[in-house]
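Trainee: What follows is structure-v5.pdb; its format and atoms are PDB, C-alpha atoms.
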```pdb
ATOM      1  CA  MET A   1    -206.788-220.860  96.914
ATOM      2  CA  LEU A   2    -203.507-219.126  96.133
ATOM      3  CA  ALA A   3    -204.491-216.146  98.288
ATOM      4  CA  GLU A   4    -205.260-218.476 101.184
ATOM      5  CA  ARG A   5    -201.847-220.136 100.877
ATOM      6  CA  GLN A   6    -199.908-216.874 100.534
ATOM      7  CA  PRO A   7    -199.307-216.411 104.323
ATOM      8  CA  GLU A   8    -197.993-219.981 104.479
ATOM      9  CA  LEU A   9    -195.662-219.335 101.545
ATOM     10  CA  ASP A  10    -194.366-216.119 103.147
ATOM     11  CA  GLU A  11    -193.780-217.926 106.428
ATOM     12  CA  LYS A  12    -191.922-220.695 104.595
ATOM     13  CA  ARG A  13    -189.700-218.176 102.812
ATOM     14  CA  GLU A  14    -188.901-216.463 106.120
ATOM     15  CA  SER A  15    -188.040-219.752 107.795
ATOM     16  CA  ILE A  16    -185.758-220.625 104.865
ATOM     17  CA  TRP A  17    -184.121-217.202 105.171
ATOM     18  CA  ASP A  18    -183.566-217.768 108.897
ATOM     19  CA  MET A  19    -181.683-220.989 108.168
ATOM     20  CA  LYS A  20    -179.586-219.465 105.379
ATOM     21  CA  GLU A  21    -176.062-218.373 106.203
ATOM     22  CA  MET A  22    -174.051-216.269 103.790
ATOM     23  CA  PRO A  23    -170.356-217.206 103.539
ATOM     24  CA  PHE A  24    -167.818-214.607 104.670
ATOM     25  CA  THR A  25    -166.562-214.149 101.119
ATOM     26  CA  GLU A  26    -170.115-213.345 100.011
ATOM     27  CA  HIS A  27    -170.339-210.666 102.704
ATOM     28  CA  LEU A  28    -167.104-209.148 101.438
ATOM     29  CA  ARG A  29    -168.323-209.278  97.850
ATOM     30  CA  GLU A  30    -171.605-207.608  98.768
ATOM     31  CA  LEU A  31    -169.761-204.940 100.791
ATOM     32  CA  ARG A  32    -167.471-204.269  97.833
ATOM     33  CA  ASN A  33    -170.420-203.926  95.452
ATOM     34  CA  ARG A  34    -172.299-201.542  97.720
ATOM     35  CA  LEU A  35    -169.175-199.446  98.345
ATOM     36  CA  MET A  36    -168.620-199.317  94.595
ATOM     37  CA  ILE A  37    -172.175-198.111  93.963
ATOM     38  CA  SER A  38    -171.790-195.403  96.619
ATOM     39  CA  CYS A  39    -168.397-194.281  95.271
ATOM     40  CA  ILE A  40    -169.638-194.171  91.664
ATOM     41  CA  THR A  41    -172.664-192.124  92.762
ATOM     42  CA  VAL A  42    -170.498-189.620  94.637
ATOM     43  CA  ALA A  43    -167.999-189.425  91.763
ATOM     44  CA  ALA A  44    -170.743-188.798  89.184
ATOM     45  CA  LEU A  45    -172.363-186.078  91.312
ATOM     46  CA  ALA A  46    -168.959-184.485  91.980
ATOM     47  CA  ALA A  47    -168.284-184.341  88.238
ATOM     48  CA  LEU A  48    -171.619-182.576  87.697
ATOM     49  CA  LEU A  49    -170.928-180.095  90.491
ATOM     50  CA  PHE A  50    -167.366-179.245  89.446
ATOM     51  CA  TRP A  51    -168.271-176.726  86.726
ATOM     52  CA  PRO A  52    -170.714-174.590  88.791
ATOM     53  CA  SER A  53    -168.470-174.824  91.873
ATOM     54  CA  LYS A  54    -166.456-171.773  90.783
ATOM     55  CA  PHE A  55    -169.515-169.504  90.723
ATOM     56  CA  ILE A  56    -170.889-170.862  94.006
ATOM     57  CA  ILE A  57    -167.514-170.384  95.721
ATOM     58  CA  ILE A  58    -167.414-166.734  94.555
ATOM     59  CA  TRP A  59    -170.913-166.253  96.001
ATOM     60  CA  MET A  60    -169.891-167.881  99.274
ATOM     61  CA  LYS A  61    -166.869-165.592  99.581
ATOM     62  CA  ASP A  62    -168.990-162.455  99.068
ATOM     63  CA  GLU A  63    -171.812-163.735 101.291
ATOM     64  CA  TYR A  64    -169.804-164.868 104.302
ATOM     65  CA  LEU A  65    -166.614-162.786 104.166
ATOM     66  CA  GLY A  66    -167.781-159.616 102.442
ATOM     67  CA  LYS A  67    -166.740-158.126  99.124
ATOM     68  CA  GLY A  68    -163.976-156.125 100.765
ATOM     69  CA  ILE A  69    -161.959-159.197 101.737
ATOM     70  CA  GLN A  70    -159.637-160.689  99.173
ATOM     71  CA  LEU A  71    -158.675-164.347  99.082
ATOM     72  CA  HIS A  72    -155.134-165.295  98.112
ATOM     73  CA  ALA A  73    -153.840-168.411  96.415
ATOM     74  CA  PHE A  74    -150.502-169.553  97.816
ATOM     75  CA  ALA A  75    -150.084-172.261  95.194
ATOM     76  CA  PRO A  76    -151.319-172.697  91.606
ATOM     77  CA  THR A  77    -153.497-175.605  92.724
ATOM     78  CA  ASP A  78    -155.283-173.864  95.638
ATOM     79  CA  VAL A  79    -158.356-172.816  93.669
ATOM     80  CA  LEU A  80    -158.557-176.146  91.863
ATOM     81  CA  PHE A  81    -158.407-178.108  95.114
ATOM     82  CA  THR A  82    -161.032-175.822  96.671
ATOM     83  CA  GLU A  83    -163.403-176.427  93.751
ATOM     84  CA  PHE A  84    -162.718-180.146  94.021
ATOM     85  CA  LYS A  85    -163.514-180.118  97.763
ATOM     86  CA  PHE A  86    -166.749-178.239  97.128
ATOM     87  CA  SER A  87    -167.741-180.756  94.458
ATOM     88  CA  LEU A  88    -166.885-183.695  96.700
ATOM     89  CA  TYR A  89    -168.686-182.370  99.783
ATOM     90  CA  GLY A  90    -171.731-181.423  97.712
ATOM     91  CA  ALA A  91    -171.737-184.867  96.087
ATOM     92  CA  ILE A  92    -171.682-186.549  99.511
ATOM     93  CA  VAL A  93    -174.685-184.478 100.635
ATOM     94  CA  LEU A  94    -176.685-185.062  97.453
ATOM     95  CA  GLY A  95    -175.718-188.737  97.445
ATOM     96  CA  LEU A  96    -176.803-189.338 101.053
ATOM     97  CA  PRO A  97    -179.988-191.249 100.069
ATOM     98  CA  VAL A  98    -177.927-193.676  97.975
ATOM     99  CA  ILE A  99    -175.140-193.971 100.573
ATOM    100  CA  ILE A 100    -177.563-194.602 103.454
ATOM    101  CA  TYR A 101    -179.616-196.980 101.338
ATOM    102  CA  GLN A 102    -176.565-199.067 100.430
ATOM    103  CA  ALA A 103    -175.374-199.115 104.045
ATOM    104  CA  TRP A 104    -178.741-200.246 105.353
ATOM    105  CA  MET A 105    -179.216-202.855 102.646
ATOM    106  CA  PHE A 106    -175.911-204.353 103.745
ATOM    107  CA  ILE A 107    -176.915-204.335 107.440
ATOM    108  CA  VAL A 108    -180.665-204.982 107.428
ATOM    109  CA  PRO A 109    -180.666-208.448 105.755
ATOM    110  CA  ALA A 110    -179.097-209.740 108.972
ATOM    111  CA  PHE A 111    -182.459-209.080 110.608
ATOM    112  CA  HIS A 112    -185.980-210.269 109.891
ATOM    113  CA  PRO A 113    -186.960-209.925 106.188
ATOM    114  CA  ARG A 114    -189.936-207.722 107.031
ATOM    115  CA  THR A 115    -187.585-205.058 108.363
ATOM    116  CA  ARG A 116    -186.021-204.587 104.933
ATOM    117  CA  ARG A 117    -189.004-202.523 103.842
ATOM    118  CA  ILE A 118    -188.093-199.803 106.342
ATOM    119  CA  VAL A 119    -184.987-198.938 104.325
ATOM    120  CA  TYR A 120    -187.067-197.072 101.777
ATOM    121  CA  VAL A 121    -189.014-195.212 104.471
ATOM    122  CA  TYR A 122    -186.000-193.980 106.436
ATOM    123  CA  THR A 123    -183.545-193.177 103.644
ATOM    124  CA  ALA A 124    -185.903-190.978 101.630
ATOM    125  CA  PRO A 125    -186.003-188.077 104.165
ATOM    126  CA  SER A 126    -182.193-187.934 104.370
ATOM    127  CA  ILE A 127    -181.858-185.323 101.624
ATOM    128  CA  LEU A 128    -184.512-183.139 103.312
ATOM    129  CA  LEU A 129    -182.724-183.408 106.654
ATOM    130  CA  ALA A 130    -179.434-182.539 104.944
ATOM    131  CA  ALA A 131    -181.075-179.472 103.387
ATOM    132  CA  GLY A 132    -182.374-178.515 106.834
ATOM    133  CA  GLY A 133    -178.864-178.794 108.259
ATOM    134  CA  ILE A 134    -177.412-176.640 105.469
ATOM    135  CA  LEU A 135    -180.086-173.959 105.941
ATOM    136  CA  PHE A 136    -179.559-173.996 109.716
ATOM    137  CA  CYS A 137    -175.822-173.592 109.149
ATOM    138  CA  HIS A 138    -176.375-170.752 106.669
ATOM    139  CA  TYR A 139    -178.730-168.700 108.837
ATOM    140  CA  PHE A 140    -177.399-169.358 112.334
ATOM    141  CA  ILE A 141    -173.839-170.680 112.243
ATOM    142  CA  VAL A 142    -171.494-169.559 109.461
ATOM    143  CA  HIS A 143    -171.875-165.802 109.913
ATOM    144  CA  LYS A 144    -171.447-166.042 113.698
ATOM    145  CA  VAL A 145    -168.406-168.309 113.504
ATOM    146  CA  LEU A 146    -166.630-166.241 110.853
ATOM    147  CA  THR A 147    -167.448-162.937 112.571
ATOM    148  CA  ALA A 148    -165.942-164.244 115.816
ATOM    149  CA  LEU A 149    -162.858-165.591 114.056
ATOM    150  CA  LEU A 150    -162.333-162.354 112.116
ATOM    151  CA  ALA A 151    -162.597-160.311 115.322
ATOM    152  CA  ILE A 152    -160.008-162.519 117.042
ATOM    153  CA  THR A 153    -157.668-162.347 114.049
ATOM    154  CA  GLU A 154    -157.896-158.567 113.607
ATOM    155  CA  SER A 155    -157.115-157.983 117.289
ATOM    156  CA  VAL A 156    -153.664-159.579 117.063
ATOM    157  CA  ALA A 157    -152.617-159.795 113.411
ATOM    158  CA  THR A 158    -153.043-158.467 109.891
ATOM    159  CA  GLU A 159    -155.162-160.967 108.064
ATOM    160  CA  THR A 160    -154.172-162.538 104.769
ATOM    161  CA  PHE A 161    -156.704-165.187 103.906
ATOM    162  CA  GLY A 162    -155.830-168.146 101.723
ATOM    163  CA  VAL A 163    -158.593-169.316  99.428
ATOM    164  CA  ALA A 164    -158.128-173.008 100.272
ATOM    165  CA  SER A 165    -157.937-172.800 104.074
ATOM    166  CA  THR A 166    -160.605-170.099 104.429
ATOM    167  CA  LEU A 167    -163.262-171.706 102.246
ATOM    168  CA  ASN A 168    -162.454-175.121 103.671
ATOM    169  CA  ILE A 169    -163.804-173.917 107.048
ATOM    170  CA  ILE A 170    -167.099-172.901 105.430
ATOM    171  CA  LEU A 171    -167.412-176.112 103.427
ATOM    172  CA  LEU A 172    -166.679-178.292 106.458
ATOM    173  CA  LEU A 173    -169.320-176.465 108.502
ATOM    174  CA  PHE A 174    -171.954-177.145 105.845
ATOM    175  CA  LEU A 175    -170.927-180.789 105.520
ATOM    176  CA  ALA A 176    -170.889-181.247 109.303
ATOM    177  CA  PHE A 177    -174.428-179.915 109.731
ATOM    178  CA  ALA A 178    -175.753-181.879 106.758
ATOM    179  CA  LEU A 179    -174.465-185.055 108.458
ATOM    180  CA  VAL A 180    -175.486-184.022 112.004
ATOM    181  CA  PHE A 181    -179.073-183.574 110.866
ATOM    182  CA  GLN A 182    -179.169-187.251 109.852
ATOM    183  CA  THR A 183    -179.404-188.178 113.564
ATOM    184  CA  PRO A 184    -183.194-188.786 113.581
ATOM    185  CA  THR A 185    -183.025-190.999 110.484
ATOM    186  CA  ILE A 186    -180.260-193.159 111.942
ATOM    187  CA  LEU A 187    -181.719-193.486 115.443
ATOM    188  CA  VAL A 188    -185.272-194.205 114.266
ATOM    189  CA  ALA A 189    -184.037-196.848 111.828
ATOM    190  CA  LEU A 190    -181.928-198.499 114.546
ATOM    191  CA  ALA A 191    -184.950-198.501 116.835
ATOM    192  CA  ARG A 192    -187.146-200.022 114.143
ATOM    193  CA  ILE A 193    -184.863-203.027 113.701
ATOM    194  CA  GLY A 194    -184.635-203.482 117.451
ATOM    195  CA  ILE A 195    -181.058-202.454 118.209
ATOM    196  CA  ILE A 196    -182.099-199.530 120.426
ATOM    197  CA  ASN A 197    -185.325-198.206 121.948
ATOM    198  CA  ALA A 198    -186.596-195.027 123.568
ATOM    199  CA  ALA A 199    -186.002-196.301 127.106
ATOM    200  CA  MET A 200    -182.376-197.114 126.289
ATOM    201  CA  LEU A 201    -181.782-193.687 124.759
ATOM    202  CA  ARG A 202    -183.297-191.974 127.793
ATOM    203  CA  LYS A 203    -181.268-194.072 130.208
ATOM    204  CA  HIS A 204    -177.945-193.319 128.523
ATOM    205  CA  TRP A 205    -178.509-189.656 127.710
ATOM    206  CA  ARG A 206    -175.422-188.619 129.703
ATOM    207  CA  TYR A 207    -173.182-190.898 127.639
ATOM    208  CA  ALA A 208    -174.864-189.625 124.481
ATOM    209  CA  GLY A 209    -174.251-186.037 125.552
ATOM    210  CA  PHE A 210    -170.582-186.752 126.193
ATOM    211  CA  GLY A 211    -170.248-188.501 122.833
ATOM    212  CA  ILE A 212    -171.904-185.559 121.103
ATOM    213  CA  LEU A 213    -169.427-183.160 122.720
ATOM    214  CA  VAL A 214    -166.513-185.294 121.562
ATOM    215  CA  ALA A 215    -167.929-185.595 118.032
ATOM    216  CA  SER A 216    -168.608-181.860 117.809
ATOM    217  CA  GLY A 217    -165.061-181.139 118.984
ATOM    218  CA  ILE A 218    -163.722-183.303 116.167
ATOM    219  CA  ALA A 219    -166.118-181.791 113.622
ATOM    220  CA  ALA A 220    -165.420-178.153 114.585
ATOM    221  CA  PRO A 221    -163.210-176.836 111.760
ATOM    222  CA  ASP A 222    -161.546-174.155 113.911
ATOM    223  CA  ALA A 223    -161.423-176.280 117.117
ATOM    224  CA  SER A 224    -162.949-173.406 119.103
ATOM    225  CA  PRO A 225    -165.367-174.018 122.018
ATOM    226  CA  VAL A 226    -167.931-171.676 120.423
ATOM    227  CA  THR A 227    -168.067-173.666 117.191
ATOM    228  CA  MET A 228    -168.101-176.921 119.140
ATOM    229  CA  MET A 229    -171.159-175.833 121.128
ATOM    230  CA  LEU A 230    -172.892-174.523 118.010
ATOM    231  CA  ILE A 231    -172.595-178.034 116.586
ATOM    232  CA  ALA A 232    -173.278-179.915 119.831
ATOM    233  CA  VAL A 233    -176.487-178.111 120.859
ATOM    234  CA  PRO A 234    -178.558-178.832 117.704
ATOM    235  CA  MET A 235    -177.140-182.366 117.650
ATOM    236  CA  TYR A 236    -178.403-183.003 121.188
ATOM    237  CA  VAL A 237    -181.753-181.393 120.365
ATOM    238  CA  LEU A 238    -182.047-183.804 117.432
ATOM    239  CA  TYR A 239    -181.162-186.664 119.800
ATOM    240  CA  GLU A 240    -184.006-185.706 122.156
ATOM    241  CA  ALA A 241    -186.392-185.202 119.232
ATOM    242  CA  SER A 242    -185.509-188.674 117.972
ATOM    243  CA  ILE A 243    -186.499-190.156 121.332
ATOM    244  CA  TRP A 244    -189.967-188.611 121.115
ATOM    245  CA  ILE A 245    -190.367-189.747 117.511
ATOM    246  CA  ILE A 246    -189.419-193.296 118.527
ATOM    247  CA  VAL A 247    -191.886-193.189 121.448
ATOM    248  CA  LEU A 248    -194.696-192.238 119.074
ATOM    249  CA  LEU A 249    -193.730-194.897 116.531
ATOM    250  CA  GLU A 250    -193.152-197.758 118.971
ATOM    251  CA  LYS A 251    -196.906-198.164 119.535
ATOM    252  CA  SER A 252    -197.569-198.737 115.853
ATOM    253  CA  TRP A 253    -194.563-201.068 115.634
ATOM    254  CA  ARG A 254    -195.963-203.196 118.479
ATOM    255  CA  ARG A 255    -199.319-203.350 116.705
ATOM    256  CA  ASP A 256    -197.615-204.503 113.496
ATOM    257  CA  THR A 257    -195.694-207.164 115.393
ATOM    258  CA  ALA A 258    -198.813-208.440 117.143
ATOM    259  CA  ARG A 259    -200.785-208.522 113.891
ATOM    260  CA  PRO A 260    -201.031-212.106 112.532
TER
END
```
Can you dump the structure from the file as structure tokens?

Mentor:
Amino acid sequence: MLAERQPELDEKRESIWDMKEMPFTEHLRELRNRLMISCITVAALAALLFWPSKFIIIWMKDEYLGKGIQLHAFAPTDVLFTEFKFSLYGAIVLGLPVIIYQAWMFIVPAFHPRTRRIVYVYTAPSILLAAGGILFCHYFIVHKVLTALLAITESVATETFGVASTLNIILLLFLAFALVFQTPTILVALARIGIINAAMLRKHWRYAGFGILVASGIAAPDASPVTMMLIAVPMYVLYEASIWIIVLLEKSWRRDTARP
């Protein structure tokens, strides 16, 4: 008897949810709590990463600049701030599942209750996509960007590289690609809750391309056209890949919607 009444109970709960309105102060309180959880997660991960950051930074210097290049500290705090930046950027990447989960759990309740289940499905792959972005940056981007910048510098000046400014370029490249590779997760989740669809993304691909160019120009640490294109091209490829993923998933979504 209870099993037979379960669909009716679920429908009643959903209708009650539809009529419920959360006061503005409750929205602010929930936003504060979710921001606090995200900040505590990032802070805890940054604290764990701070000790090994020194050894990883030394490896990065030898790997991307060569052992013959020396880095100089122009202030007593340069190395400390560089280690702090590494810890913070690494904590943001490792904390992406928590950050995205908290963001979606703040947004998704405004939609149908059934859509809340998708949060778990689309936040879990975020760390894998971030790892893919970091590996892509390591194998295809960092060496090319730094080689080009070193060639330009050596042609007009004698280089003296500061540890903070030099490693900041490398760290920002890794962070940028870890975030850029989240494009499929974000677009597929937006499509699942009905904000966008494949037809809309195809129709506005020119605007998306322009926005990607602008975003890559902002994200490029050296503001050079080469770096901008190296960021923009994989970002647009991910945009197109997201469209095909959404096309494949939309059929199953329609079946789920039509299912009683």

Trainee: Return as a list in words the set of residues that the PyMOL selection byres ((chain A and resi 213) around 9) yields on the displayed structure.

Mentor: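 For this structure, the PyMOL selection byres ((chain A and resi 213) around 9) resolves to Ala208, Gly209, Phe210, Gly211, Ile212, Val214, Ala215, Ser216, Gly217, Ile218, Met228, Met229, Ile231, Ala232 and Val233 of chain A.
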
Trainee: Considering all atoms listed in the file, state which residue in the set A:Gly194, A:Gly95, A:Gly90, A:Pro184 is at the smallest distance from Leu129 (chain A).

Mentor: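 Answer, going by the shortest atom-to-atom distance: A:Pro184.
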
Trainee: Residues at most 8 Å from Leu167 (chain A), counting only C-alpha atoms, excluding those fewer than 5 positions away in the same chain, as a PyMOL selection string?

Mentor: chain A and resi 57+61+82

Trainee: Calculated over only C-alpha atoms, which of the candidates A:Ser155, A:Asn168, A:Asp62, A:Leu149 has the smallest distance to Pro225 (chain A)?

Mentor: A:Leu149

Trainee: Name the closest residue to Phe84 (chain A) among the candidates A:Ala148, A:Ala219, A:Ala43, A:Leu35; distances are taken between atoms, counting all atoms listed in the file.

Mentor: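 Of A:Ala148, A:Ala219, A:Ala43, A:Leu35, the one nearest Phe84 (chain A), counting all atoms listed in the file, is A:Ala43.
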
Trainee: In Å, with one decimal, what is the gap from CA of Val180 (chain A) to CA of Gly162 (chain A)?

Mentor: 27.3 Å

Trainee: What does the distance from CA of Ala73 (chain A) to CA of Phe55 (chain A) come to in Å, to one decimal?

Mentor: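 Taking CA of Ala73 (chain A) and CA of Phe55 (chain A), their separation equals 16.7 Å.
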
Trainee: Suppose a student applies the PyMOL selection byres ((chain A and resi 130-133) around 6) to this structure; what residues should they get, written as a short mmCIF file (atom, residue, chain, number, x, y, z; two decimals) with C-alpha atoms, in the coordinates of the input?

Mentor:
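Contents of out-v6.cif, freshly written:
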```
data_model
loop_
_atom_site.label_atom_id
_atom_site.label_comp_id
_atom_site.auth_asym_id
_atom_site.auth_seq_id
_atom_site.Cartn_x
_atom_site.Cartn_y
_atom_site.Cartn_z
CA ILE A 127 -181.86 -185.32 101.62
CA LEU A 128 -184.51 -183.14 103.31
CA LEU A 129 -182.72 -183.41 106.65
CA ILE A 134 -177.41 -176.64 105.47
CA LEU A 135 -180.09 -173.96 105.94
CA PHE A 136 -179.56 -174.00 109.72
CA PHE A 177 -174.43 -179.92 109.73
CA ALA A 178 -175.75 -181.88 106.76
CA PHE A 181 -179.07 -183.57 110.87
#
```

Trainee: Could you expand the PyMOL selection byres ((chain A and resi 85) around 10) into the explicit residues it covers here, written as a PDB file with C-alpha atoms, keeping the file's coordinate frame?

Mentor:
```pdb
ATOM      1  CA  ALA A  46    -168.959-184.485  91.980  1.00  0.00           C
ATOM      2  CA  PHE A  50    -167.366-179.245  89.446  1.00  0.00           C
ATOM      3  CA  SER A  53    -168.470-174.824  91.873  1.00  0.00           C
ATOM      4  CA  VAL A  79    -158.356-172.816  93.669  1.00  0.00           C
ATOM      5  CA  LEU A  80    -158.557-176.146  91.863  1.00  0.00           C
ATOM      6  CA  PHE A  81    -158.407-178.108  95.114  1.00  0.00           C
ATOM      7  CA  THR A  82    -161.032-175.822  96.671  1.00  0.00           C
ATOM      8  CA  GLU A  83    -163.403-176.427  93.751  1.00  0.00           C
ATOM      9  CA  PHE A  84    -162.718-180.146  94.021  1.00  0.00           C
ATOM     10  CA  PHE A  86    -166.749-178.239  97.128  1.00  0.00           C
ATOM     11  CA  SER A  87    -167.741-180.756  94.458  1.00  0.00           C
ATOM     12  CA  LEU A  88    -166.885-183.695  96.700  1.00  0.00           C
ATOM     13  CA  TYR A  89    -168.686-182.370  99.783  1.00  0.00           C
ATOM     14  CA  GLY A  90    -171.731-181.423  97.712  1.00  0.00           C
ATOM     15  CA  ALA A  91    -171.737-184.867  96.087  1.00  0.00           C
ATOM     16  CA  ALA A 164    -158.128-173.008 100.272  1.00  0.00           C
ATOM     17  CA  LEU A 167    -163.262-171.706 102.246  1.00  0.00           C
ATOM     18  CA  ASN A 168    -162.454-175.121 103.671  1.00  0.00           C
ATOM     19  CA  LEU A 171    -167.412-176.112 103.427  1.00  0.00           C
ATOM     20  CA  LEU A 172    -166.679-178.292 106.458  1.00  0.00           C
TER      21      LEU A 172
END
```

Trainee: To test the calculation: enclose all listed atoms of region 133-148 of chain A in a box whose edges run along x, y and z, add 4 Å on each side, then state centre and edge lengths in Å to one decimal, as lines of an AutoDock Vina configuration file.

Mentor:
```
center_x = -173.0
center_y = -170.9
center_z = 110.6
size_x = 22.1
size_y = 23.9
size_z = 18.3
```

Trainee: Have a look at A:Ile141, A:Leu190, A:Met36, A:Ala241 and name the one nearest to Val226 (chain A); count only C-alpha atoms.

Mentor: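 Distance minimum relative to Val226 (chain A) lands on A:Ile141.
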
Trainee: Which value, in Å to one decimal, gives the distance between CA of Ile196 (chain A) and CA of Val93 (chain A)?

Mentor: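 Rounded to one decimal, the two atoms are 25.9 Å apart.
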